[in-house]
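Have a look at run.cif below; it lists mmCIF, C-alpha atoms and all ligand atoms.
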data_work
loop_
_atom_site.label_atom_id
_atom_site.label_comp_id
_atom_site.auth_asym_id
_atom_site.auth_seq_id
_atom_site.Cartn_x
_atom_site.Cartn_y
_atom_site.Cartn_z
CA MET A 1 171.18 122.33 -67.90
CA ASN A 2 168.70 121.90 -65.18
CA PRO A 3 166.08 119.40 -66.35
CA ASP A 4 163.56 120.99 -64.01
CA SER A 5 163.66 124.21 -65.97
CA GLU A 6 161.86 122.42 -68.75
CA ILE A 7 158.87 121.76 -66.59
CA LYS A 8 157.08 125.07 -66.52
CA SER A 9 154.04 125.25 -64.36
CA SER A 10 151.53 128.06 -64.16
CA VAL A 11 151.71 127.76 -60.39
CA VAL A 12 154.74 129.14 -58.66
CA PRO A 13 155.72 126.44 -56.17
CA LEU A 14 155.68 128.47 -53.00
CA LYS A 15 156.62 126.80 -49.81
CA ALA A 16 154.26 127.18 -46.90
CA SER A 17 155.59 127.40 -43.35
CA ASN A 18 154.34 123.88 -42.76
CA GLY A 19 156.38 122.68 -45.70
CA ALA A 20 153.40 121.82 -47.85
CA ALA A 21 153.93 122.34 -51.53
CA ALA A 22 151.60 124.47 -53.61
CA HIS A 23 148.59 122.64 -54.90
CA SER A 24 148.41 122.09 -58.61
CA VAL A 25 145.79 123.59 -60.87
CA SER A 26 144.58 120.14 -61.79
CA GLY A 27 144.04 119.32 -58.13
CA ARG A 28 141.40 122.02 -57.79
CA LYS A 29 137.86 121.34 -56.88
CA ALA A 30 135.48 122.01 -59.71
CA CYS A 31 133.36 124.25 -57.53
CA TYR A 32 133.05 127.14 -59.91
CA ALA A 33 131.65 124.86 -62.59
CA GLU A 34 129.08 123.77 -60.05
CA LEU A 35 128.28 127.36 -59.05
CA GLN A 36 127.92 128.31 -62.70
CA LYS A 37 125.35 125.57 -63.19
CA LEU A 38 123.43 126.73 -60.16
CA PHE A 39 123.53 130.38 -61.22
CA GLU A 40 122.23 129.27 -64.62
CA LYS A 41 119.41 127.39 -62.91
CA TYR A 42 118.38 130.49 -60.96
CA ARG A 43 119.15 132.97 -63.75
CA GLY A 44 117.44 136.32 -63.24
CA GLY A 45 116.63 135.54 -59.60
CA ASN A 46 117.35 137.45 -56.42
CA HIS A 47 120.20 136.23 -54.27
CA LEU A 48 120.63 136.93 -50.58
CA VAL A 49 124.21 136.64 -49.32
CA ILE A 50 124.26 136.45 -45.54
CA LEU A 51 127.19 137.62 -43.41
CA GLN A 52 127.27 136.19 -39.90
CA GLY A 53 128.47 138.27 -36.95
CA ALA A 54 130.18 141.63 -37.39
CA PRO A 55 131.22 141.64 -41.08
CA ASP A 56 134.98 141.42 -41.60
CA PRO A 57 136.93 142.13 -44.81
CA ASP A 58 137.14 138.47 -45.82
CA ALA A 59 133.38 138.00 -45.54
CA ILE A 60 132.53 141.34 -47.16
CA SER A 61 134.84 140.80 -50.14
CA CYS A 62 133.52 137.28 -50.70
CA ALA A 63 129.95 138.53 -50.70
CA LEU A 64 131.02 141.13 -53.26
CA ALA A 65 132.61 138.40 -55.39
CA LEU A 66 129.42 136.33 -55.30
CA GLU A 67 127.43 139.40 -56.28
CA PHE A 68 129.83 140.02 -59.16
CA LEU A 69 129.73 136.43 -60.40
CA GLY A 70 125.96 136.28 -60.04
CA ALA A 71 125.53 139.43 -62.12
CA ARG A 72 126.88 137.50 -65.11
CA PHE A 73 123.68 135.45 -64.84
CA GLU A 74 121.45 138.48 -64.29
CA ILE A 75 121.21 137.61 -60.63
CA GLU A 76 120.54 140.55 -58.29
CA THR A 77 122.35 140.23 -54.99
CA THR A 78 121.63 141.71 -51.58
CA ILE A 79 124.38 141.49 -48.98
CA LEU A 80 122.74 141.14 -45.60
CA ALA A 81 124.41 141.51 -42.20
CA PHE A 82 123.03 141.28 -38.70
CA GLN A 83 125.68 143.54 -37.16
CA LEU A 84 127.59 146.63 -38.19
CA PRO A 85 131.27 146.16 -39.15
CA SER A 86 133.29 146.56 -35.99
CA HIS A 87 136.68 148.03 -36.83
CA HIS A 88 137.52 151.30 -38.45
CA GLU A 89 139.23 149.35 -41.25
CA ASN A 90 136.09 147.38 -42.04
CA ARG A 91 133.94 150.47 -42.14
CA ALA A 92 136.52 152.14 -44.38
CA LEU A 93 136.37 149.19 -46.79
CA VAL A 94 132.60 149.43 -47.07
CA LYS A 95 132.65 153.19 -47.47
CA ARG A 96 135.63 153.56 -49.84
CA LEU A 97 134.47 150.86 -52.19
CA GLY A 98 130.81 151.84 -51.95
CA ILE A 99 129.74 148.35 -50.92
CA ASN A 100 126.07 148.18 -50.18
CA ILE A 101 125.36 146.13 -47.08
CA VAL A 102 121.78 145.87 -45.88
CA TYR A 103 121.45 145.56 -42.12
CA TRP A 104 118.76 143.27 -40.93
CA GLU A 105 115.70 144.67 -39.25
CA GLU A 106 112.44 143.08 -38.22
CA GLY A 107 110.56 144.10 -41.37
CA PHE A 108 113.13 142.57 -43.74
CA ASP A 109 111.29 140.61 -46.41
CA VAL A 110 113.00 137.39 -47.49
CA ASN A 111 110.22 136.43 -49.89
CA GLN A 112 111.69 138.50 -52.71
CA TYR A 113 114.66 136.09 -52.88
CA SER A 114 114.88 132.79 -54.68
CA ILE A 115 118.28 131.78 -53.29
CA TYR A 116 120.59 132.52 -50.37
CA SER A 117 124.23 131.82 -49.52
CA ILE A 118 126.51 132.08 -46.52
CA VAL A 119 130.20 132.96 -46.85
CA ASP A 120 133.14 132.96 -44.46
CA SER A 121 131.40 131.56 -41.41
CA LYS A 122 131.44 128.23 -39.68
CA ARG A 123 127.78 128.75 -38.81
CA PHE A 124 125.20 127.80 -41.41
CA THR A 125 122.12 128.48 -39.32
CA THR A 126 120.73 132.00 -39.03
CA LYS A 127 117.83 133.58 -37.28
CA LEU A 128 116.12 133.82 -40.66
CA ASP A 129 116.10 130.07 -41.27
CA LYS A 130 112.40 129.61 -40.54
CA ARG A 131 111.40 132.50 -42.79
CA LEU A 132 113.74 131.37 -45.55
CA GLU A 133 112.23 127.94 -45.45
CA GLU A 134 108.67 129.23 -45.38
CA GLY A 135 109.46 131.57 -48.25
CA GLY A 136 110.88 128.70 -50.30
CA VAL A 137 114.27 130.44 -50.54
CA GLN A 138 116.82 127.82 -51.60
CA PHE A 139 120.15 127.47 -49.79
CA LEU A 140 122.47 127.92 -52.76
CA ALA A 141 126.04 127.99 -51.48
CA PHE A 142 127.99 127.64 -48.28
CA ILE A 143 131.61 128.71 -48.79
CA ASP A 144 134.06 128.86 -45.92
CA HIS A 145 137.61 128.16 -44.77
CA HIS A 146 136.98 127.37 -41.11
CA ARG A 147 136.96 123.87 -39.79
CA GLU A 148 134.27 121.61 -41.07
CA ASP A 149 131.40 120.80 -38.75
CA ALA A 150 130.26 117.25 -38.20
CA THR A 151 126.87 118.10 -39.63
CA ALA A 152 126.91 119.43 -43.17
CA PRO A 153 124.79 122.40 -44.23
CA ASN A 154 122.02 121.53 -46.65
CA ALA A 155 123.29 123.93 -49.29
CA GLN A 156 123.37 122.95 -52.96
CA LEU A 157 127.04 123.88 -53.14
CA ILE A 158 129.23 123.21 -50.11
CA ASP A 159 132.81 124.38 -50.41
CA ILE A 160 134.70 124.22 -47.13
CA ARG A 161 138.49 124.37 -47.29
CA PRO A 162 140.11 124.53 -43.86
CA GLN A 163 143.55 124.46 -45.47
CA TYR A 164 142.99 127.99 -46.86
CA GLY A 165 143.94 131.14 -44.95
CA SER A 166 140.91 133.04 -46.23
CA THR A 167 137.60 132.51 -47.97
CA ALA A 168 138.69 135.25 -50.37
CA ALA A 169 141.27 132.82 -51.80
CA ILE A 170 138.47 130.36 -52.60
CA LEU A 171 136.45 133.06 -54.37
CA CYS A 172 139.59 134.09 -56.27
CA GLU A 173 139.78 130.57 -57.57
CA TYR A 174 136.21 130.85 -58.86
CA LEU A 175 137.14 134.17 -60.45
CA SER A 176 140.18 132.73 -62.13
CA ASP A 177 137.96 130.01 -63.59
CA ALA A 178 135.50 132.65 -64.78
CA PHE A 179 138.29 134.94 -66.05
CA PRO A 180 141.20 132.70 -67.05
CA LYS A 181 143.06 135.68 -68.51
CA GLY A 182 142.70 137.65 -65.30
CA LEU A 183 140.59 140.58 -64.24
CA GLU A 184 140.65 143.82 -66.24
CA SER A 185 142.70 146.53 -64.60
CA THR A 186 140.79 149.12 -66.67
CA ASP A 187 137.33 148.00 -65.55
CA PRO A 188 136.29 149.85 -62.36
CA ASP A 189 134.11 146.94 -61.20
CA HIS A 190 137.02 144.52 -61.56
CA VAL A 191 139.35 146.90 -59.74
CA ARG A 192 136.86 147.39 -56.93
CA LEU A 193 136.43 143.64 -56.51
CA ALA A 194 140.16 142.90 -56.71
CA THR A 195 140.91 145.59 -54.12
CA ALA A 196 138.26 144.27 -51.73
CA LEU A 197 139.46 140.66 -52.08
CA MET A 198 143.09 141.67 -51.62
CA HIS A 199 142.11 143.40 -48.39
CA GLY A 200 140.14 140.30 -47.36
CA LEU A 201 143.17 138.10 -48.05
CA ARG A 202 145.54 140.41 -46.25
CA SER A 203 143.42 140.85 -43.17
CA ASP A 204 142.62 137.16 -42.68
CA THR A 205 146.25 136.10 -43.08
CA SER A 206 147.83 138.87 -40.94
CA THR A 207 149.15 140.47 -44.12
CA PHE A 208 150.27 137.12 -45.56
CA LEU A 209 152.13 135.99 -42.47
CA ARG A 210 149.71 133.11 -42.12
CA SER A 211 149.14 132.53 -45.81
CA THR A 212 148.99 129.21 -47.49
CA PRO A 213 150.24 128.75 -51.06
CA MET A 214 146.61 129.08 -52.17
CA ASP A 215 146.37 132.54 -50.61
CA TYR A 216 149.55 133.63 -52.39
CA GLU A 217 148.22 132.27 -55.63
CA ALA A 218 144.99 134.20 -55.15
CA ALA A 219 146.97 137.37 -54.44
CA ALA A 220 149.00 136.86 -57.61
CA PHE A 221 145.76 136.60 -59.56
CA LEU A 222 144.38 139.83 -58.06
CA ALA A 223 147.57 141.90 -57.99
CA PRO A 224 147.43 143.43 -61.50
CA SER A 225 143.96 144.89 -60.84
CA VAL A 226 144.33 146.09 -57.26
CA ASP A 227 144.01 149.80 -56.58
CA HIS A 228 146.92 150.19 -54.19
CA ARG A 229 146.10 153.74 -53.19
CA THR A 230 142.62 152.76 -52.08
CA LEU A 231 143.96 149.66 -50.36
CA LYS A 232 146.40 151.78 -48.41
CA MET A 233 143.62 154.13 -47.33
CA ILE A 234 141.42 151.26 -46.24
CA GLU A 235 144.20 149.66 -44.23
CA ARG A 236 145.26 152.84 -42.52
CA LYS A 237 145.34 152.05 -38.83
CA VAL A 238 143.37 154.38 -36.63
CA LEU A 239 143.98 154.08 -32.94
CA THR A 240 141.67 155.63 -30.41
CA SER A 241 143.28 157.63 -27.63
CA GLY A 242 142.14 154.87 -25.28
CA VAL A 243 144.12 152.25 -27.21
CA LEU A 244 147.16 154.53 -27.46
CA GLY A 245 147.07 154.93 -23.67
CA MET A 246 146.97 151.13 -23.37
CA PHE A 247 150.08 150.85 -25.58
CA GLU A 248 151.83 153.37 -23.39
CA ASN A 249 150.94 151.42 -20.25
CA ALA A 250 151.95 148.11 -21.81
CA LEU A 251 155.34 149.51 -22.80
CA VAL A 252 156.07 151.23 -19.51
CA ARG A 253 154.90 148.38 -17.28
CA LYS A 254 156.47 145.49 -19.17
CA ARG A 255 158.50 142.92 -17.24
CA VAL A 256 160.99 141.00 -19.31
CA HIS A 257 161.86 137.44 -18.32
CA ASP A 258 164.34 136.16 -20.88
CA ASN A 259 162.28 135.62 -24.01
CA PHE A 260 158.98 136.24 -22.19
CA ILE A 261 157.30 139.59 -21.64
CA PHE A 262 154.55 140.06 -19.13
CA SER A 263 152.63 143.35 -19.06
CA ASP A 264 149.34 145.00 -18.26
CA VAL A 265 147.37 147.94 -19.54
CA GLY A 266 145.28 149.02 -16.54
CA TYR A 267 141.53 149.53 -16.36
CA VAL A 268 140.00 149.70 -19.83
CA ARG A 269 136.57 150.31 -21.29
CA GLY A 270 134.80 147.45 -23.07
CA ALA A 271 135.01 149.44 -26.32
CA ASP A 272 138.82 149.39 -26.08
CA ARG A 273 139.14 145.69 -25.27
CA ASP A 274 140.70 145.10 -28.69
CA GLY A 275 143.67 147.17 -27.54
CA ILE A 276 144.82 144.26 -25.33
CA PRO A 277 145.75 141.86 -28.17
CA GLN A 278 147.13 144.82 -30.10
CA ALA A 279 149.40 145.70 -27.18
CA ALA A 280 150.53 142.07 -27.03
CA GLU A 281 151.37 142.15 -30.75
CA LEU A 282 153.30 145.37 -30.22
CA LEU A 283 155.45 143.87 -27.46
CA LEU A 284 156.00 140.69 -29.44
CA ALA A 285 157.92 142.82 -31.94
CA ARG A 286 160.64 143.49 -29.36
CA GLU A 287 163.93 141.92 -30.37
CA GLY A 288 164.70 138.75 -28.45
CA THR A 289 161.10 138.22 -27.37
CA ASP A 290 159.07 135.27 -28.51
CA THR A 291 156.19 135.14 -26.07
CA VAL A 292 153.98 137.87 -24.60
CA LEU A 293 151.17 137.98 -22.10
CA VAL A 294 149.23 141.23 -21.61
CA PHE A 295 146.15 141.76 -19.49
CA GLY A 296 143.83 144.53 -18.38
CA ILE A 297 140.67 144.89 -16.34
CA VAL A 298 137.69 145.47 -18.61
CA ASP A 299 134.68 147.47 -17.44
CA GLU A 300 135.76 146.74 -13.85
CA LYS A 301 134.26 143.28 -14.27
CA THR A 302 136.74 140.89 -15.85
CA ILE A 303 140.47 140.41 -16.19
CA ASP A 304 141.02 140.01 -19.92
CA GLY A 305 144.32 138.76 -21.21
CA SER A 306 145.95 138.11 -24.50
CA PHE A 307 148.76 135.70 -25.28
CA ARG A 308 151.01 135.78 -28.32
CA THR A 309 153.95 133.60 -29.19
CA THR A 310 156.31 132.92 -32.04
CA SER A 311 157.99 130.11 -30.12
CA GLU A 312 158.46 126.80 -31.85
CA THR A 313 157.69 124.88 -28.69
CA ILE A 314 154.84 126.71 -26.95
CA ASN A 315 151.30 125.65 -27.68
CA PRO A 316 149.11 128.62 -26.61
CA ASP A 317 146.07 126.47 -25.90
CA GLU A 318 148.01 124.12 -23.64
CA PHE A 319 149.87 127.00 -22.08
CA LEU A 320 146.80 129.02 -21.10
CA LYS A 321 144.87 126.01 -19.87
CA GLY A 322 147.85 124.84 -17.84
CA PHE A 323 148.70 128.26 -16.48
CA LEU A 324 145.22 129.43 -15.46
CA GLY A 325 143.39 126.18 -14.91
CA VAL A 326 139.67 125.71 -14.56
CA SER A 327 137.08 127.98 -12.98
CA PRO A 328 135.72 126.30 -9.84
CA GLU A 329 132.25 127.74 -10.53
CA SER A 330 131.74 126.89 -14.17
CA GLY A 331 134.17 123.98 -14.44
CA GLU A 332 135.45 125.53 -17.66
CA TYR A 333 138.94 126.72 -18.51
CA TYR A 334 139.56 130.44 -18.02
CA GLY A 335 141.43 130.61 -21.26
CA GLY A 336 142.54 128.85 -24.37
CA GLY A 337 143.86 129.41 -27.80
CA ASN A 338 145.07 127.80 -30.95
CA ILE A 339 148.02 125.47 -31.14
CA ARG A 340 150.23 127.90 -33.02
CA ASP A 341 150.46 131.53 -32.07
CA LYS A 342 147.66 133.05 -30.01
CA GLY A 343 145.20 132.73 -27.21
CA GLY A 344 143.31 134.67 -24.61
CA PHE A 345 141.61 134.45 -21.27
CA GLN A 346 138.88 136.07 -19.25
CA ILE A 347 138.58 135.81 -15.49
CA PRO A 348 135.57 137.33 -13.74
CA LEU A 349 136.56 139.63 -10.89
CA GLY A 350 133.46 138.54 -9.00
CA PHE A 351 133.06 140.16 -5.63
CA LEU A 352 136.52 141.78 -5.92
CA GLY A 353 134.96 144.05 -8.51
CA LEU A 354 132.82 145.61 -5.78
CA PHE A 355 135.80 146.79 -3.72
CA GLU A 356 136.14 150.54 -3.26
CA ASP A 357 139.90 150.61 -3.63
CA LYS A 358 140.39 150.03 -7.34
CA ASN A 359 144.18 150.24 -7.09
CA GLN A 360 144.24 147.46 -4.57
CA VAL A 361 141.99 145.27 -6.68
CA TYR A 362 144.29 145.89 -9.61
CA SER A 363 147.45 145.03 -7.65
CA MET A 364 145.86 141.83 -6.41
CA ALA A 365 144.81 140.78 -9.87
CA LYS A 366 148.20 141.60 -11.29
CA GLU A 367 150.12 139.82 -8.57
CA THR A 368 147.99 136.70 -8.79
CA ILE A 369 148.31 136.44 -12.55
CA GLU A 370 152.01 137.25 -12.63
CA LYS A 371 152.83 134.81 -9.85
CA SER A 372 151.05 131.93 -11.49
CA PHE A 373 152.52 132.90 -14.84
CA LEU A 374 156.05 132.87 -13.48
CA ALA A 375 155.45 129.71 -11.49
CA TYR A 376 154.20 128.11 -14.66
CA ILE A 377 157.25 129.12 -16.66
CA GLY A 378 159.41 128.00 -13.74
CA LYS A 379 160.62 131.29 -12.27
CA ALA A 380 160.41 133.07 -8.97
CA ILE A 381 159.24 136.66 -9.05
CA ASN A 382 162.51 138.11 -7.76
CA ASP A 383 164.97 136.42 -10.08
CA GLU A 384 163.97 138.51 -13.09
CA GLU A 385 167.12 140.62 -12.92
CA ASN A 386 169.41 137.60 -13.14
MN MN B 401 137.80 134.32 -43.14
#
Go ahead and express the file in the form of structure tokens.
Amino acid sequence: MNPDSEIKSSVVPLKASNGAAAHSVSGRKACYAELQKLFEKYRGGNHLVILQGAPDPDAISCALALEFLGARFEIETTILAFQLPSHHENRALVKRLGINIVYWEEGFDVNQYSIYSIVDSKRFTTKLDKRLEEGGVQFLAFIDHHREDATAPNAQLIDIRPQYGSTAAILCEYLSDAFPKGLESTDPDHVRLATALMHGLRSDTSTFLRSTPMDYEAAAFLAPSVDHRTLKMIERKVLTSGVLGMFENALVRKRVHDNFIFSDVGYVRGADRDGIPQAAELLLAREGTDTVLVFGIVDEKTIDGSFRTTSETINPDEFLKGFLGVSPESGEYYGGGNIRDKGGFQIPLGFLGLFEDKNQVYSMAKETIEKSFLAYIGKAINDEEN
């Protein structure tokens, strides 16, 4: 008999990549209780949920969750964004699930709201701050999973959990407090919310590759109510012909140096810039490769590069700073990244961008970057075949 089998916990003890054990239910913050009190205080009011930047699935689904929870207190919610969602996937989420996002324009009237919240952003200031203050709109909640700033927002509820892979996981915790028996898989509103949050979770954690135990726990809570068909449609990847061409270039032009791959995608339009990290991800999938650097020239103005690694020893931030150094003009590093798996760089072409011979400019850029890359990893350019 295993004595441990007697100790049944409602939390499956999943092991995170960093070895941290799952948190226990009792260790939770009592944030939902706090939110409940606040919603009660503003019962029947109008709530403005602000999304910063181009709305992504994590932010959108969290706004939807706040709207849903607020509705239990007769609170009307408006989801406000300053920019349109950028990717096809994000637009598909909004469209498929019929999520109503209001896009800010000059005439937007904040005076109809009694409270506002910000979700899934490090930034707690907005261009509406002055109007919100003048209109007496109260800062209700600030909920986020990015790193905490030194100065705290003056919201009535501040819930910042940098140890979470997504804000959606935090909102799922609120939902599981509100619905201890789980969401109803027969209720269309529950299904819609669960599907949106699952997409938020998946997209912020690279489909659970970067999940923490809390994200897995949130997914387990949502799973019974998720509409998998809709989720699949939302997540369908759509690649523009421009991005496909970049993949082709990246594959054809790749240079393999042991576990490193160096490649480039050519001249690309600003609208296709996202294809550079995608090409790097693609090459990283090659067997035996753990580190990839891909660059392209964007809008004939800058050399943009993307760095991906699964190596245990390479720190992308250190690597990019060491490899590219500091711009003599601005005194700032050309690139940087996180300490774990990714980074990027941007180098202005400057006067080289004015040259007539685009091929020559490209060769120069490529040679310069590749040479310093190889020098940095301790190789000469002609020993790649050995
Ligand atoms: Mn997020």
Per-residue nearest contacts of chain A to ligand MN 401 (chain B) (7 Å; only C-alpha atoms and all ligand atoms) as JSON lines:
{"residue": "A:Asp58", "atom": "CA", "partner": "B:MN401", "partner_atom": "MN", "distance": 5.0}
{"residue": "A:Ala59", "atom": "CA", "partner": "B:MN401", "partner_atom": "MN", "distance": 6.2}
{"residue": "A:Asp120", "atom": "CA", "partner": "B:MN401", "partner_atom": "MN", "distance": 5.0}
{"residue": "A:His145", "atom": "CA", "partner": "B:MN401", "partner_atom": "MN", "distance": 6.4}
{"residue": "A:Ser166", "atom": "CA", "partner": "B:MN401", "partner_atom": "MN", "distance": 4.6}
{"residue": "A:Thr167", "atom": "CA", "partner": "B:MN401", "partner_atom": "MN", "distance": 5.2}
{"residue": "A:Asp204", "atom": "CA", "partner": "B:MN401", "partner_atom": "MN", "distance": 5.6}
Kindly assemble as a Markdown table a list of the region 137-244 of chain A residues that lie within 12 Å of region 323-342 of chain A, each paired with its nearest atom pair and their distance in Å to one decimal, using all atoms listed in the file, sorted first by chain and then by ascending residue number.
| residue | atom | partner | partner_atom | distance |
| --- | --- | --- | --- | --- |
| A:Ser206 | CA | A:Asp341 | CA | 11.8 |
| A:Leu209 | CA | A:Asp341 | CA | 11.4 |
| A:Arg210 | CA | A:Asp341 | CA | 10.2 |
**Report entry** Long-range neighbours of region 300-307 of chain A as an MDAnalysis selection string, 10 Å cut-off, all atoms listed in the file, 5 positions minimum in chain
**Finding:** chainID A and resid 262:270 273:281 284 291:295 316:317 319:320 334:337 341:354 358 361:362 365:366 369
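If all atoms listed in the file are the atoms counted, then among A:Ser225, A:Ser61, A:Asn359, A:Asn46 the closest residue to Glu74 (chain A) is A:Asn46.
From CA of Arg91 (chain A) back to CA of Arg236 (chain A), the distance works out to 11.6 Å.
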Query - Ref. answer, residues at most 8 Å from (117.8, 143.1, -44.8) with only C-alpha atoms, as a VMD selection string - result: chain A and resid 78 to 81 102 to 105 108 to 110
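Distance check against Thr240 (chain A) using all atoms listed in the file: of A:Ala271, A:Val252, A:Leu175, A:Ala196, the minimum falls on A:Ala271.
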Requested in this report: Take CA of Ile118 (chain A) and CA of Phe142 (chain A) and report the distance between them in Å, one decimal.
Outcome: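 Computing the Euclidean distance for CA of Ile118 (chain A) and CA of Phe142 (chain A) yields 5.0 Å.
Taking CA of His87 (chain A) as the reference point, CA of Asp56 (chain A) is found at 8.3 Å.
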Which residues of region 155-238 of chain A sit at most 8 Å from region 128-140 of chain A, using all atoms listed in the file? Give each one's shortest atom pair and distance in Å (one decimal place), in chain and ascending residue order, as JSON lines.
{"residue": "A:Ala155", "atom": "CA", "partner": "A:Phe139", "partner_atom": "CA", "distance": 4.8}
{"residue": "A:Gln156", "atom": "CA", "partner": "A:Leu140", "partner_atom": "CA", "distance": 5.1}
{"residue": "A:Leu157", "atom": "CA", "partner": "A:Leu140", "partner_atom": "CA", "distance": 6.1}
Give, as AutoDock Vina command-line options, the centre coordinates and the x, y and z edge lengths in Å to one decimal for an axis-aligned box around all listed atoms of region 188-204 of chain A, padded by 3 Å on each side.
--center_x 139.8 --center_y 143.5 --center_z -52.5 --size_x 17.4 --size_y 18.7 --size_z 25.7
